[in-house]
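Undergrad: Following this message is one structure expressed as structure tokens.
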Number of protein chains: 2
Amino acid sequence: MGSSTGTGTAAGTAPSTTELMEQVAAVGAAYFHDFAAAAARHGLNSSQAKALKAVLEPVPMRALAGRLGCDASNVTGIVDRLEALGYARREAAAADRRVKIVTITDGGRTVLDRIRADMGRARAAFDSLDTEQRAALSRLCDQVLPLLQRP
Amino acid sequence: MGSSTGTGTAAGTAPSTTELMEQVAAVGAAYFHDFAAAAARHGLNSSQAKALKAVLEPVPMRALAGRLGCDASNVTGIVDRLEALGYARREAAAADRRVKIVTITDGGRTVLDRIRADMGRARAAFDSLDTEQRAALSRLCDQVLPLLQRP
DNA sequence: TATTGTTATACTCTATAACTATA
DNA sequence: TATAGTTATAGAGTATAACAATA
């Protein structure tokens with residue numbers, strides 16, 4: 001492949017599945033920690049910040065619960081908070097008047113951008129990868145994710 | 001490189017840092033979900049299971065709190081639970097009698113192995129990678145992690 | 001009757017502060 | 001006096017069950 005030194009793949013011995021999972025878990029945990037810290041600096045907890053990402057496209061309350069992986073009863077409070085801050089709003093669905101659709105506001109988009117920009121460690125970490133490494137990591141995530149998310 | 005079609009690296013365009021972080025976050029979240037589910041099937045919550053991994057080598061209570069990223073007062077309950085199940089035990093430190101060192105038992109090692117084996121989706125996902133891909137992913141994690149964990 | 005969103009409630013996890021026993 | 005571990009307590013986040021409005 002096109003990588004640097006020429007020592008090739010032999011330089012990194014392939015780890016066992018368990019070891020590999022442990023490494024990925026460490027990266028995931030550190031990322032999540034950084035995300036929660038950045039969100040907190042902008043007055044949101046991680047559920048609220050995650051919800052803000054999920055409503056970049058309009059989503060009904062119940063579907064939002066699914067995306068957040070929590071019970072529907074929690075979504076009320078989460079969206080209440082986002083709405084109180086002016087980051088999202090509820091709109092009645094035209095087709096079914098029971099349904100409320102949550103949409104992000106311009107203010108919400110601004111805060112989300114700021115939170116993302118404010119993730120210093122995560123940004124530095126992934127910025128350290130060159131173009132080829134980023135493409136490789138992206139491809140690996142794409143391959144692994146569907147199997148990881150199966151029902 | 002070892003991949004399929006021959007379109008090479010150009011096939012996966014390098015994503016922006018934000019997009020890349022989002023992908024990694026999705027993998028991390030799915031992994032953690034699978035881990036928590038597997039632990040629950042063996043009567044542990046994710047903190048307790050994480051603690052079990054952390055005491056594969058003997059660790060003082062306070063240091064364990066650091067590894068788990070929680071307050072020291074929580075560790076008492078977590079280790080109480082592991083001890084009640086026979087998965088870990090407290091031993092007085094020889095040098096300083098205030099300190100209690102937590103050690104995993106054979107039973108704990110067995111359960112930890114079972115939990116790891118029981119992570120069906122995560123295992124299937126990472127088993128789908130060939131040797132070269134696993135080595136690449138491992139290397140990328142190693143590069144990214146230290147920057148991600150900086151104080 | 002079934003479903004959406006909400007409310008009321010209880011439970012779990014975590015953090016803060018006070019206590020003990022050692023140092 | 002300072003530190004390790006524990007205990008007691010309060011707070012945040014989540015789930016369960018019951019409810020009103022709509023389908």
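Residues are referred to by chain and number: the chain letter is A, B, ... according to the order shown in the structure tokens, the number counts from 1 in that chain, and ligands are numbered separately from 1 in the order shown.
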Would you write out chain A as a CSV table (one decimal) with N, CA and C atoms, in the first residue's frame, after superposing it on chain B by least squares over all in-order Cα pairs?
TA:
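Printed below is superposed23.csv as written:
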chain,number,residue,atom,x,y,z
A,1,MET,N,-0.3,0.9,-1.1
A,1,MET,CA,-0.3,-0.1,0.0
A,1,MET,C,-0.8,-1.4,-0.4
A,2,GLY,N,-0.9,-2.4,0.5
A,2,GLY,CA,-1.3,-3.7,0.1
A,2,GLY,C,-2.7,-4.1,0.0
A,3,SER,N,-3.6,-3.1,-0.1
A,3,SER,CA,-5.0,-3.4,-0.1
A,3,SER,C,-5.5,-4.0,-1.4
A,4,SER,N,-6.8,-4.3,-1.4
A,4,SER,CA,-7.4,-5.2,-2.4
A,4,SER,C,-7.5,-4.8,-3.8
A,5,THR,N,-8.5,-4.0,-4.1
A,5,THR,CA,-9.0,-3.8,-5.5
A,5,THR,C,-8.0,-3.1,-6.4
A,6,GLY,N,-7.3,-2.2,-5.9
A,6,GLY,CA,-6.4,-1.4,-6.8
A,6,GLY,C,-6.9,-0.1,-7.0
A,7,THR,N,-8.2,0.2,-6.7
A,7,THR,CA,-8.7,1.5,-6.9
A,7,THR,C,-8.0,2.5,-5.9
A,8,GLY,N,-7.4,1.9,-4.9
A,8,GLY,CA,-6.6,2.6,-3.9
A,8,GLY,C,-7.3,3.5,-3.0
A,9,THR,N,-6.7,4.5,-2.6
A,9,THR,CA,-7.3,5.4,-1.5
A,9,THR,C,-8.4,6.2,-2.1
A,10,ALA,N,-8.4,6.5,-3.4
A,10,ALA,CA,-9.3,7.4,-4.0
A,10,ALA,C,-10.8,6.9,-3.8
A,11,ALA,N,-10.9,5.6,-3.6
A,11,ALA,CA,-12.3,5.0,-3.4
A,11,ALA,C,-13.0,5.6,-2.2
A,12,GLY,N,-12.2,5.8,-1.1
A,12,GLY,CA,-12.8,6.4,0.1
A,12,GLY,C,-12.2,7.8,0.2
A,13,THR,N,-13.1,8.8,-0.1
A,13,THR,CA,-12.6,10.2,0.0
A,13,THR,C,-12.3,10.5,1.5
A,14,ALA,N,-11.3,11.2,1.8
A,14,ALA,CA,-11.0,11.5,3.2
A,14,ALA,C,-12.1,12.5,3.8
A,15,PRO,N,-12.7,12.1,4.9
A,15,PRO,CA,-13.7,12.9,5.5
A,15,PRO,C,-13.1,14.1,6.3
A,16,SER,N,-13.9,15.1,6.6
A,16,SER,CA,-13.5,16.2,7.5
A,16,SER,C,-13.3,15.6,8.9
A,17,THR,N,-12.5,16.4,9.7
A,17,THR,CA,-12.3,16.0,11.1
A,17,THR,C,-13.6,15.7,11.8
A,18,THR,N,-14.5,16.7,11.6
A,18,THR,CA,-15.8,16.5,12.3
A,18,THR,C,-16.6,15.3,11.9
A,19,GLU,N,-16.6,15.0,10.6
A,19,GLU,CA,-17.3,13.8,10.1
A,19,GLU,C,-16.6,12.6,10.6
A,20,LEU,N,-15.3,12.6,10.6
A,20,LEU,CA,-14.5,11.4,11.1
A,20,LEU,C,-14.8,11.2,12.6
A,21,MET,N,-14.8,12.2,13.4
A,21,MET,CA,-15.1,12.1,14.8
A,21,MET,C,-16.5,11.5,15.0
A,22,GLU,N,-17.4,12.0,14.2
A,22,GLU,CA,-18.8,11.5,14.3
A,22,GLU,C,-18.9,9.9,14.0
A,23,GLN,N,-18.1,9.5,13.0
A,23,GLN,CA,-18.1,8.1,12.7
A,23,GLN,C,-17.5,7.3,13.9
A,24,VAL,N,-16.4,7.8,14.4
A,24,VAL,CA,-15.7,7.1,15.5
A,24,VAL,C,-16.6,7.1,16.7
A,25,ALA,N,-17.3,8.2,16.9
A,25,ALA,CA,-18.3,8.2,18.1
A,25,ALA,C,-19.3,7.2,17.9
A,26,ALA,N,-19.8,7.0,16.7
A,26,ALA,CA,-20.9,6.0,16.5
A,26,ALA,C,-20.4,4.6,16.8
A,27,VAL,N,-19.2,4.3,16.3
A,27,VAL,CA,-18.6,3.0,16.6
A,27,VAL,C,-18.4,2.8,18.1
A,28,GLY,N,-17.9,3.9,18.8
A,28,GLY,CA,-17.6,3.8,20.2
A,28,GLY,C,-18.9,3.6,21.0
A,29,ALA,N,-20.0,4.3,20.6
A,29,ALA,CA,-21.3,4.2,21.3
A,29,ALA,C,-21.9,2.8,21.1
A,30,ALA,N,-21.8,2.3,19.9
A,30,ALA,CA,-22.4,1.0,19.6
A,30,ALA,C,-21.6,-0.1,20.4
A,31,TYR,N,-20.2,0.1,20.4
A,31,TYR,CA,-19.4,-0.9,21.2
A,31,TYR,C,-19.8,-0.9,22.6
A,32,PHE,N,-19.9,0.3,23.2
A,32,PHE,CA,-20.2,0.4,24.6
A,32,PHE,C,-21.6,-0.2,25.0
A,33,HIS,N,-22.5,0.0,24.1
A,33,HIS,CA,-23.9,-0.5,24.3
A,33,HIS,C,-23.8,-2.1,24.3
A,34,ASP,N,-23.0,-2.6,23.4
A,34,ASP,CA,-22.9,-4.1,23.4
A,34,ASP,C,-22.2,-4.6,24.7
A,35,PHE,N,-21.2,-3.8,25.1
A,35,PHE,CA,-20.4,-4.2,26.3
A,35,PHE,C,-21.3,-4.2,27.5
A,36,ALA,N,-22.1,-3.1,27.7
A,36,ALA,CA,-23.0,-3.0,28.8
A,36,ALA,C,-24.0,-4.1,28.8
A,37,ALA,N,-24.5,-4.5,27.6
A,37,ALA,CA,-25.5,-5.5,27.5
A,37,ALA,C,-24.9,-6.9,28.0
A,38,ALA,N,-23.7,-7.2,27.5
A,38,ALA,CA,-23.1,-8.4,27.8
A,38,ALA,C,-22.8,-8.5,29.3
A,39,ALA,N,-22.3,-7.4,29.9
A,39,ALA,CA,-22.1,-7.3,31.3
A,39,ALA,C,-23.3,-7.6,32.1
A,40,ALA,N,-24.4,-6.9,31.7
A,40,ALA,CA,-25.7,-7.1,32.4
A,40,ALA,C,-26.2,-8.6,32.4
A,41,ARG,N,-25.9,-9.3,31.3
A,41,ARG,CA,-26.3,-10.7,31.3
A,41,ARG,C,-25.5,-11.5,32.3
A,42,HIS,N,-24.4,-11.0,32.8
A,42,HIS,CA,-23.6,-11.7,33.8
A,42,HIS,C,-23.7,-11.0,35.2
A,43,GLY,N,-24.8,-10.2,35.3
A,43,GLY,CA,-25.1,-9.6,36.6
A,43,GLY,C,-24.2,-8.4,37.0
A,44,LEU,N,-23.5,-7.8,36.1
A,44,LEU,CA,-22.7,-6.6,36.4
A,44,LEU,C,-23.2,-5.4,35.5
A,45,ASN,N,-23.1,-4.2,36.1
A,45,ASN,CA,-23.3,-3.0,35.3
A,45,ASN,C,-21.9,-2.6,34.7
A,46,SER,N,-22.0,-1.6,33.8
A,46,SER,CA,-20.7,-1.4,33.0
A,46,SER,C,-19.6,-0.9,33.9
A,47,SER,N,-19.9,-0.2,35.0
A,47,SER,CA,-18.8,0.3,35.9
A,47,SER,C,-18.1,-0.9,36.5
A,48,GLN,N,-18.9,-1.8,37.0
A,48,GLN,CA,-18.4,-3.0,37.6
A,48,GLN,C,-17.6,-3.9,36.7
A,49,ALA,N,-18.1,-4.0,35.4
A,49,ALA,CA,-17.3,-4.8,34.4
A,49,ALA,C,-16.0,-4.1,34.0
A,50,LYS,N,-16.1,-2.8,33.9
A,50,LYS,CA,-14.9,-2.0,33.6
A,50,LYS,C,-13.9,-2.2,34.7
A,51,ALA,N,-14.4,-2.1,36.0
A,51,ALA,CA,-13.5,-2.3,37.1
A,51,ALA,C,-12.8,-3.7,37.1
A,52,LEU,N,-13.6,-4.7,36.7
A,52,LEU,CA,-13.0,-6.0,36.6
A,52,LEU,C,-11.8,-6.1,35.6
A,53,LYS,N,-12.0,-5.4,34.5
A,53,LYS,CA,-10.9,-5.3,33.6
A,53,LYS,C,-9.7,-4.6,34.2
A,54,ALA,N,-10.0,-3.6,35.0
A,54,ALA,CA,-8.9,-2.7,35.5
A,54,ALA,C,-8.1,-3.4,36.6
A,55,VAL,N,-8.7,-4.5,37.2
A,55,VAL,CA,-7.9,-5.1,38.3
A,55,VAL,C,-7.3,-6.4,37.8
A,56,LEU,N,-7.2,-6.6,36.5
A,56,LEU,CA,-6.4,-7.8,36.1
A,56,LEU,C,-5.0,-7.8,36.6
A,57,GLU,N,-4.5,-6.6,36.8
A,57,GLU,CA,-3.3,-6.5,37.6
A,57,GLU,C,-3.7,-5.7,38.9
A,58,PRO,N,-3.2,-6.1,40.1
A,58,PRO,CA,-3.6,-5.6,41.3
A,58,PRO,C,-3.5,-4.0,41.4
A,59,VAL,N,-4.5,-3.4,41.9
A,59,VAL,CA,-4.6,-1.9,41.9
A,59,VAL,C,-5.1,-1.4,43.2
A,60,PRO,N,-4.5,-0.4,43.8
A,60,PRO,CA,-5.1,0.2,45.0
A,60,PRO,C,-6.4,0.9,44.7
A,61,MET,N,-7.3,1.0,45.7
A,61,MET,CA,-8.6,1.5,45.5
A,61,MET,C,-8.6,2.9,44.8
A,62,ARG,N,-7.7,3.8,45.3
A,62,ARG,CA,-7.7,5.1,44.8
A,62,ARG,C,-7.2,5.2,43.4
A,63,ALA,N,-6.2,4.4,43.0
A,63,ALA,CA,-5.8,4.3,41.6
A,63,ALA,C,-6.9,3.7,40.7
A,64,LEU,N,-7.7,2.8,41.3
A,64,LEU,CA,-8.8,2.3,40.5
A,64,LEU,C,-9.8,3.4,40.2
A,65,ALA,N,-10.1,4.3,41.2
A,65,ALA,CA,-10.9,5.4,40.9
A,65,ALA,C,-10.4,6.2,39.7
A,66,GLY,N,-9.1,6.4,39.7
A,66,GLY,CA,-8.6,7.1,38.6
A,66,GLY,C,-8.8,6.4,37.2
A,67,ARG,N,-8.6,5.1,37.2
A,67,ARG,CA,-8.8,4.4,36.0
A,67,ARG,C,-10.2,4.4,35.5
A,68,LEU,N,-11.1,4.4,36.5
A,68,LEU,CA,-12.6,4.4,36.1
A,68,LEU,C,-13.1,5.8,35.8
A,69,GLY,N,-12.3,6.8,36.2
A,69,GLY,CA,-12.7,8.2,35.9
A,69,GLY,C,-13.9,8.6,36.8
A,70,CYS,N,-13.9,8.0,38.0
A,70,CYS,CA,-15.0,8.4,39.0
A,70,CYS,C,-14.4,8.8,40.3
A,71,ASP,N,-15.2,9.2,41.2
A,71,ASP,CA,-14.8,9.6,42.5
A,71,ASP,C,-14.4,8.4,43.4
A,72,ALA,N,-13.5,8.5,44.3
A,72,ALA,CA,-13.0,7.4,45.1
A,72,ALA,C,-14.1,6.8,45.9
A,73,SER,N,-15.1,7.6,46.3
A,73,SER,CA,-16.2,7.1,47.2
A,73,SER,C,-17.0,6.1,46.4
A,74,ASN,N,-17.1,6.1,45.1
A,74,ASN,CA,-17.9,5.1,44.4
A,74,ASN,C,-17.2,3.8,44.4
A,75,VAL,N,-15.9,3.8,44.4
A,75,VAL,CA,-15.1,2.5,44.2
A,75,VAL,C,-15.5,1.6,45.3
A,76,THR,N,-15.7,2.1,46.5
A,76,THR,CA,-16.1,1.2,47.6
A,76,THR,C,-17.3,0.3,47.2
A,77,GLY,N,-18.3,0.9,46.7
A,77,GLY,CA,-19.5,0.1,46.4
A,77,GLY,C,-19.3,-0.8,45.2
A,78,ILE,N,-18.5,-0.4,44.2
A,78,ILE,CA,-18.2,-1.2,43.1
A,78,ILE,C,-17.4,-2.4,43.5
A,79,VAL,N,-16.4,-2.2,44.3
A,79,VAL,CA,-15.6,-3.4,44.7
A,79,VAL,C,-16.3,-4.2,45.7
A,80,ASP,N,-17.2,-3.6,46.5
A,80,ASP,CA,-18.1,-4.4,47.4
A,80,ASP,C,-18.8,-5.4,46.6
A,81,ARG,N,-19.4,-5.0,45.5
A,81,ARG,CA,-20.2,-5.8,44.7
A,81,ARG,C,-19.3,-7.0,44.1
A,82,LEU,N,-18.2,-6.6,43.5
A,82,LEU,CA,-17.3,-7.6,42.9
A,82,LEU,C,-16.8,-8.6,44.0
A,83,GLU,N,-16.6,-8.1,45.2
A,83,GLU,CA,-16.1,-9.0,46.3
A,83,GLU,C,-17.3,-10.0,46.7
A,84,ALA,N,-18.5,-9.4,46.8
A,84,ALA,CA,-19.6,-10.2,47.2
A,84,ALA,C,-19.9,-11.4,46.2
A,85,LEU,N,-19.6,-11.1,44.9
A,85,LEU,CA,-19.8,-12.1,43.9
A,85,LEU,C,-18.6,-13.0,43.8
A,86,GLY,N,-17.5,-12.7,44.6
A,86,GLY,CA,-16.3,-13.6,44.5
A,86,GLY,C,-15.4,-13.3,43.3
A,87,TYR,N,-15.6,-12.1,42.7
A,87,TYR,CA,-14.8,-11.8,41.5
A,87,TYR,C,-13.6,-11.0,41.8
A,88,ALA,N,-13.5,-10.5,42.9
A,88,ALA,CA,-12.3,-9.7,43.3
A,88,ALA,C,-12.1,-9.7,44.8
A,89,ARG,N,-10.9,-9.4,45.3
A,89,ARG,CA,-10.8,-9.3,46.8
A,89,ARG,C,-9.8,-8.2,47.1
A,90,ARG,N,-10.0,-7.6,48.3
A,90,ARG,CA,-9.2,-6.6,48.9
A,90,ARG,C,-8.1,-7.2,49.7
A,91,GLU,N,-6.8,-6.7,49.5
A,91,GLU,CA,-5.7,-7.1,50.3
A,91,GLU,C,-5.0,-5.9,50.9
A,92,ALA,N,-4.6,-6.0,52.1
A,92,ALA,CA,-3.9,-4.9,52.8
A,92,ALA,C,-2.5,-4.7,52.1
A,93,ALA,N,-2.1,-3.5,51.8
A,93,ALA,CA,-0.8,-3.3,51.3
A,93,ALA,C,0.2,-3.4,52.4
A,94,ALA,N,1.4,-4.1,52.1
A,94,ALA,CA,2.4,-4.3,53.1
A,94,ALA,C,3.1,-3.0,53.5
A,95,ALA,N,3.3,-2.2,52.5
A,95,ALA,CA,4.1,-0.9,52.7
A,95,ALA,C,3.3,0.1,53.5
A,96,ASP,N,2.0,0.3,53.2
A,96,ASP,CA,1.2,1.3,53.7
A,96,ASP,C,-0.1,0.7,54.1
A,97,ARG,N,-0.3,0.6,55.4
A,97,ARG,CA,-1.5,-0.1,55.9
A,97,ARG,C,-2.8,0.7,55.7
A,98,ARG,N,-2.8,1.9,55.2
A,98,ARG,CA,-4.0,2.6,54.8
A,98,ARG,C,-4.5,2.0,53.5
A,99,VAL,N,-3.6,1.6,52.7
A,99,VAL,CA,-4.0,1.2,51.3
A,99,VAL,C,-4.5,-0.2,51.2
A,100,LYS,N,-5.6,-0.4,50.4
A,100,LYS,CA,-6.1,-1.7,50.1
A,100,LYS,C,-6.0,-1.9,48.6
A,101,ILE,N,-5.4,-3.1,48.3
A,101,ILE,CA,-5.1,-3.4,46.9
A,101,ILE,C,-6.2,-4.4,46.4
A,102,VAL,N,-6.8,-4.1,45.3
A,102,VAL,CA,-7.8,-4.9,44.7
A,102,VAL,C,-7.2,-5.9,43.7
A,103,THR,N,-7.6,-7.2,43.8
A,103,THR,CA,-7.0,-8.2,42.9
A,103,THR,C,-8.2,-9.0,42.4
A,104,ILE,N,-8.1,-9.4,41.1
A,104,ILE,CA,-9.1,-10.2,40.5
A,104,ILE,C,-8.9,-11.7,41.0
A,105,THR,N,-10.0,-12.4,41.1
A,105,THR,CA,-9.9,-13.8,41.4
A,105,THR,C,-10.0,-14.7,40.2
A,106,ASP,N,-9.9,-16.0,40.4
A,106,ASP,CA,-10.1,-16.9,39.2
A,106,ASP,C,-11.5,-16.8,38.7
A,107,GLY,N,-12.4,-16.7,39.6
A,107,GLY,CA,-13.8,-16.6,39.3
A,107,GLY,C,-14.1,-15.3,38.5
A,108,GLY,N,-13.4,-14.2,38.9
A,108,GLY,CA,-13.5,-12.9,38.2
A,108,GLY,C,-13.0,-13.0,36.7
A,109,ARG,N,-11.8,-13.7,36.6
A,109,ARG,CA,-11.2,-13.9,35.3
A,109,ARG,C,-12.2,-14.7,34.4
A,110,THR,N,-12.8,-15.7,35.0
A,110,THR,CA,-13.7,-16.5,34.2
A,110,THR,C,-14.9,-15.7,33.7
A,111,VAL,N,-15.5,-14.9,34.6
A,111,VAL,CA,-16.6,-14.1,34.2
A,111,VAL,C,-16.2,-13.1,33.1
A,112,LEU,N,-15.1,-12.5,33.3
A,112,LEU,CA,-14.6,-11.5,32.3
A,112,LEU,C,-14.4,-12.1,31.0
A,113,ASP,N,-13.9,-13.3,30.9
A,113,ASP,CA,-13.7,-14.0,29.7
A,113,ASP,C,-15.1,-14.3,29.0
A,114,ARG,N,-16.0,-14.6,29.9
A,114,ARG,CA,-17.4,-14.9,29.4
A,114,ARG,C,-18.0,-13.7,28.8
A,115,ILE,N,-17.9,-12.6,29.5
A,115,ILE,CA,-18.5,-11.3,29.1
A,115,ILE,C,-17.9,-11.0,27.7
A,116,ARG,N,-16.6,-11.1,27.6
A,116,ARG,CA,-15.9,-10.7,26.3
A,116,ARG,C,-16.4,-11.6,25.2
A,117,ALA,N,-16.6,-12.9,25.5
A,117,ALA,CA,-17.0,-13.9,24.5
A,117,ALA,C,-18.5,-13.6,24.1
A,118,ASP,N,-19.2,-13.0,25.1
A,118,ASP,CA,-20.6,-12.8,24.9
A,118,ASP,C,-21.0,-11.6,24.2
A,119,MET,N,-20.0,-10.8,23.7
A,119,MET,CA,-20.2,-9.6,23.0
A,119,MET,C,-20.4,-9.9,21.5
A,120,GLY,N,-21.6,-10.4,21.2
A,120,GLY,CA,-21.8,-11.0,19.9
A,120,GLY,C,-21.6,-10.0,18.8
A,121,ARG,N,-22.3,-8.8,18.8
A,121,ARG,CA,-22.2,-7.9,17.7
A,121,ARG,C,-20.8,-7.3,17.6
A,122,ALA,N,-20.2,-6.9,18.7
A,122,ALA,CA,-18.8,-6.4,18.6
A,122,ALA,C,-17.9,-7.4,18.0
A,123,ARG,N,-18.0,-8.6,18.5
A,123,ARG,CA,-17.1,-9.7,18.0
A,123,ARG,C,-17.3,-9.9,16.5
A,124,ALA,N,-18.5,-10.0,16.1
A,124,ALA,CA,-18.8,-10.2,14.7
A,124,ALA,C,-18.3,-9.1,13.9
A,125,ALA,N,-18.4,-7.9,14.4
A,125,ALA,CA,-18.0,-6.7,13.6
A,125,ALA,C,-16.5,-6.7,13.4
A,126,PHE,N,-15.7,-6.9,14.5
A,126,PHE,CA,-14.3,-6.9,14.3
A,126,PHE,C,-13.7,-8.1,13.7
A,127,ASP,N,-14.4,-9.2,13.9
A,127,ASP,CA,-14.0,-10.5,13.2
A,127,ASP,C,-14.1,-10.4,11.7
A,128,SER,N,-15.0,-9.4,11.2
A,128,SER,CA,-15.2,-9.2,9.8
A,128,SER,C,-14.0,-8.6,9.1
A,129,LEU,N,-13.1,-8.1,9.9
A,129,LEU,CA,-11.9,-7.4,9.3
A,129,LEU,C,-10.8,-8.5,9.1
A,130,ASP,N,-10.1,-8.4,8.0
A,130,ASP,CA,-9.0,-9.3,7.7
A,130,ASP,C,-7.8,-8.9,8.5
A,131,THR,N,-6.8,-9.7,8.4
A,131,THR,CA,-5.6,-9.4,9.2
A,131,THR,C,-5.0,-8.0,9.0
A,132,GLU,N,-4.9,-7.7,7.7
A,132,GLU,CA,-4.3,-6.4,7.4
A,132,GLU,C,-5.2,-5.2,7.9
A,133,GLN,N,-6.5,-5.4,7.8
A,133,GLN,CA,-7.4,-4.3,8.3
A,133,GLN,C,-7.3,-4.2,9.8
A,134,ARG,N,-7.2,-5.3,10.5
A,134,ARG,CA,-7.1,-5.3,12.0
A,134,ARG,C,-5.8,-4.6,12.4
A,135,ALA,N,-4.7,-4.9,11.7
A,135,ALA,CA,-3.4,-4.3,12.0
A,135,ALA,C,-3.5,-2.8,11.8
A,136,ALA,N,-4.2,-2.4,10.7
A,136,ALA,CA,-4.3,-1.0,10.4
A,136,ALA,C,-5.1,-0.2,11.4
A,137,LEU,N,-6.3,-0.8,11.8
A,137,LEU,CA,-7.1,-0.2,12.8
A,137,LEU,C,-6.4,-0.1,14.1
A,138,SER,N,-5.7,-1.1,14.5
A,138,SER,CA,-4.9,-1.1,15.7
A,138,SER,C,-3.9,0.0,15.7
A,139,ARG,N,-3.2,0.1,14.6
A,139,ARG,CA,-2.1,1.2,14.5
A,139,ARG,C,-2.8,2.6,14.6
A,140,LEU,N,-3.9,2.7,13.9
A,140,LEU,CA,-4.6,4.0,14.0
A,140,LEU,C,-5.0,4.4,15.4
A,141,CYS,N,-5.5,3.4,16.1
A,141,CYS,CA,-5.9,3.6,17.5
A,141,CYS,C,-4.7,4.0,18.3
A,142,ASP,N,-3.6,3.3,18.1
A,142,ASP,CA,-2.4,3.6,18.9
A,142,ASP,C,-1.9,5.0,18.6
A,143,GLN,N,-2.1,5.5,17.4
A,143,GLN,CA,-1.6,6.8,17.1
A,143,GLN,C,-2.5,7.9,17.7
A,144,VAL,N,-3.8,7.6,17.6
A,144,VAL,CA,-4.8,8.6,18.1
A,144,VAL,C,-4.9,8.7,19.6
A,145,LEU,N,-4.8,7.5,20.2
A,145,LEU,CA,-5.2,7.5,21.7
A,145,LEU,C,-4.3,8.4,22.6
A,146,PRO,N,-3.0,8.4,22.4
A,146,PRO,CA,-2.2,9.3,23.3
A,146,PRO,C,-2.6,10.7,23.2
A,147,LEU,N,-2.9,11.2,22.1
A,147,LEU,CA,-3.3,12.6,21.9
A,147,LEU,C,-4.7,12.8,22.5
A,148,LEU,N,-5.5,11.8,22.4
A,148,LEU,CA,-6.9,11.9,22.9
A,148,LEU,C,-7.0,11.8,24.5
A,149,GLN,N,-6.0,11.3,25.1
A,149,GLN,CA,-6.0,11.1,26.5
A,149,GLN,C,-5.2,12.1,27.3
A,150,ARG,N,-4.5,13.0,26.6
A,150,ARG,CA,-3.7,14.0,27.3
A,150,ARG,C,-4.5,14.7,28.4
A,151,PRO,N,-3.8,15.0,29.5
A,151,PRO,CA,-4.5,15.7,30.6
A,151,PRO,C,-5.3,16.9,30.1
Undergrad: Which parts of stretch 74-111 of chain A does DSSP call alpha helix (DSSP H) when run on the backbone here, written out as a PyMOL selection string?
TA: chain A and resi 74-84+106-111
Undergrad: Go through chain D and flag each residue having an atom no more than 10 Å from chain B; for those, report the closest pair of atoms plus their distance in Å to one decimal, using only C-alpha atoms (C1' of nucleotides), ordered by chain and rising number, as JSON lines.
TA:
{"residue": "D:DT3", "atom": "C1'", "partner": "B:Arg98", "partner_atom": "CA", "distance": 8.5}
{"residue": "D:DA4", "atom": "C1'", "partner": "B:Arg98", "partner_atom": "CA", "distance": 5.2}
{"residue": "D:DG5", "atom": "C1'", "partner": "B:Arg98", "partner_atom": "CA", "distance": 7.3}
{"residue": "D:DT6", "atom": "C1'", "partner": "B:Thr76", "partner_atom": "CA", "distance": 7.3}
{"residue": "D:DT7", "atom": "C1'", "partner": "B:Ser73", "partner_atom": "CA", "distance": 8.9}
Undergrad: Pull out every residue of chain C that has at least one atom within 9 Å of chain B, counting only C-alpha atoms (C1' of nucleotides), and report them as a JSON list (two decimals) with N, CA, C and O atoms (P, O5', C5', C4', C3', O3' and C1' of nucleotides), in the first residue's frame.
TA:
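Result file part.json:
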[["chain", "number", "residue", "atom", "x", "y", "z"],
["C", 13, "DC", "P", -26.45, 0.89, 38.99],
["C", 13, "DC", "O5'", -25.78, 2.34, 38.85],
["C", 13, "DC", "C5'", -25.88, 3.02, 37.60],
["C", 13, "DC", "C4'", -25.30, 4.41, 37.74],
["C", 13, "DC", "C3'", -23.90, 4.44, 38.37],
["C", 13, "DC", "O3'", -23.00, 5.13, 37.51],
["C", 13, "DC", "C1'", -25.34, 5.99, 39.43],
["C", 14, "DT", "P", -21.46, 5.19, 37.86],
["C", 14, "DT", "O5'", -21.31, 6.63, 38.53],
["C", 14, "DT", "C5'", -21.75, 7.78, 37.81],
["C", 14, "DT", "C4'", -21.76, 8.99, 38.71],
["C", 14, "DT", "C3'", -20.49, 9.20, 39.53],
["C", 14, "DT", "O3'", -19.76, 10.30, 39.00],
["C", 14, "DT", "C1'", -22.46, 9.56, 40.83],
["C", 15, "DA", "P", -18.47, 10.87, 39.79],
["C", 15, "DA", "O5'", -19.05, 11.96, 40.82],
["C", 15, "DA", "C5'", -19.84, 13.03, 40.32],
["C", 15, "DA", "C4'", -20.21, 13.99, 41.45],
["C", 15, "DA", "C3'", -19.03, 14.48, 42.29],
["C", 15, "DA", "O3'", -19.19, 15.86, 42.60],
["C", 15, "DA", "C1'", -20.59, 13.34, 43.68],
["C", 21, "DA", "P", -12.20, 3.56, 63.98],
["C", 21, "DA", "O5'", -10.78, 3.69, 63.25],
["C", 21, "DA", "C5'", -10.34, 2.56, 62.51],
["C", 21, "DA", "C4'", -9.00, 2.88, 61.87],
["C", 21, "DA", "C3'", -7.89, 3.15, 62.89],
["C", 21, "DA", "O3'", -7.11, 1.95, 63.14],
["C", 21, "DA", "C1'", -7.84, 4.69, 61.02],
["C", 22, "DT", "P", -6.21, 1.33, 62.04],
["C", 22, "DT", "O5'", -4.79, 2.01, 62.06],
["C", 22, "DT", "C5'", -3.91, 1.64, 61.05],
["C", 22, "DT", "C4'", -3.56, 2.81, 60.14],
["C", 22, "DT", "C3'", -2.10, 3.23, 60.22],
["C", 22, "DT", "O3'", -1.37, 2.55, 59.24],
["C", 22, "DT", "C1'", -3.60, 5.06, 59.83],
["C", 23, "DA", "P", 0.23, 2.47, 59.39],
["C", 23, "DA", "O5'", 0.74, 3.91, 58.96],
["C", 23, "DA", "C5'", 0.56, 4.33, 57.62],
["C", 23, "DA", "C4'", 0.85, 5.80, 57.48],
["C", 23, "DA", "C3'", 2.25, 6.20, 57.95],
["C", 23, "DA", "O3'", 3.11, 6.24, 56.83],
["C", 23, "DA", "C1'", 0.55, 7.80, 58.53]]
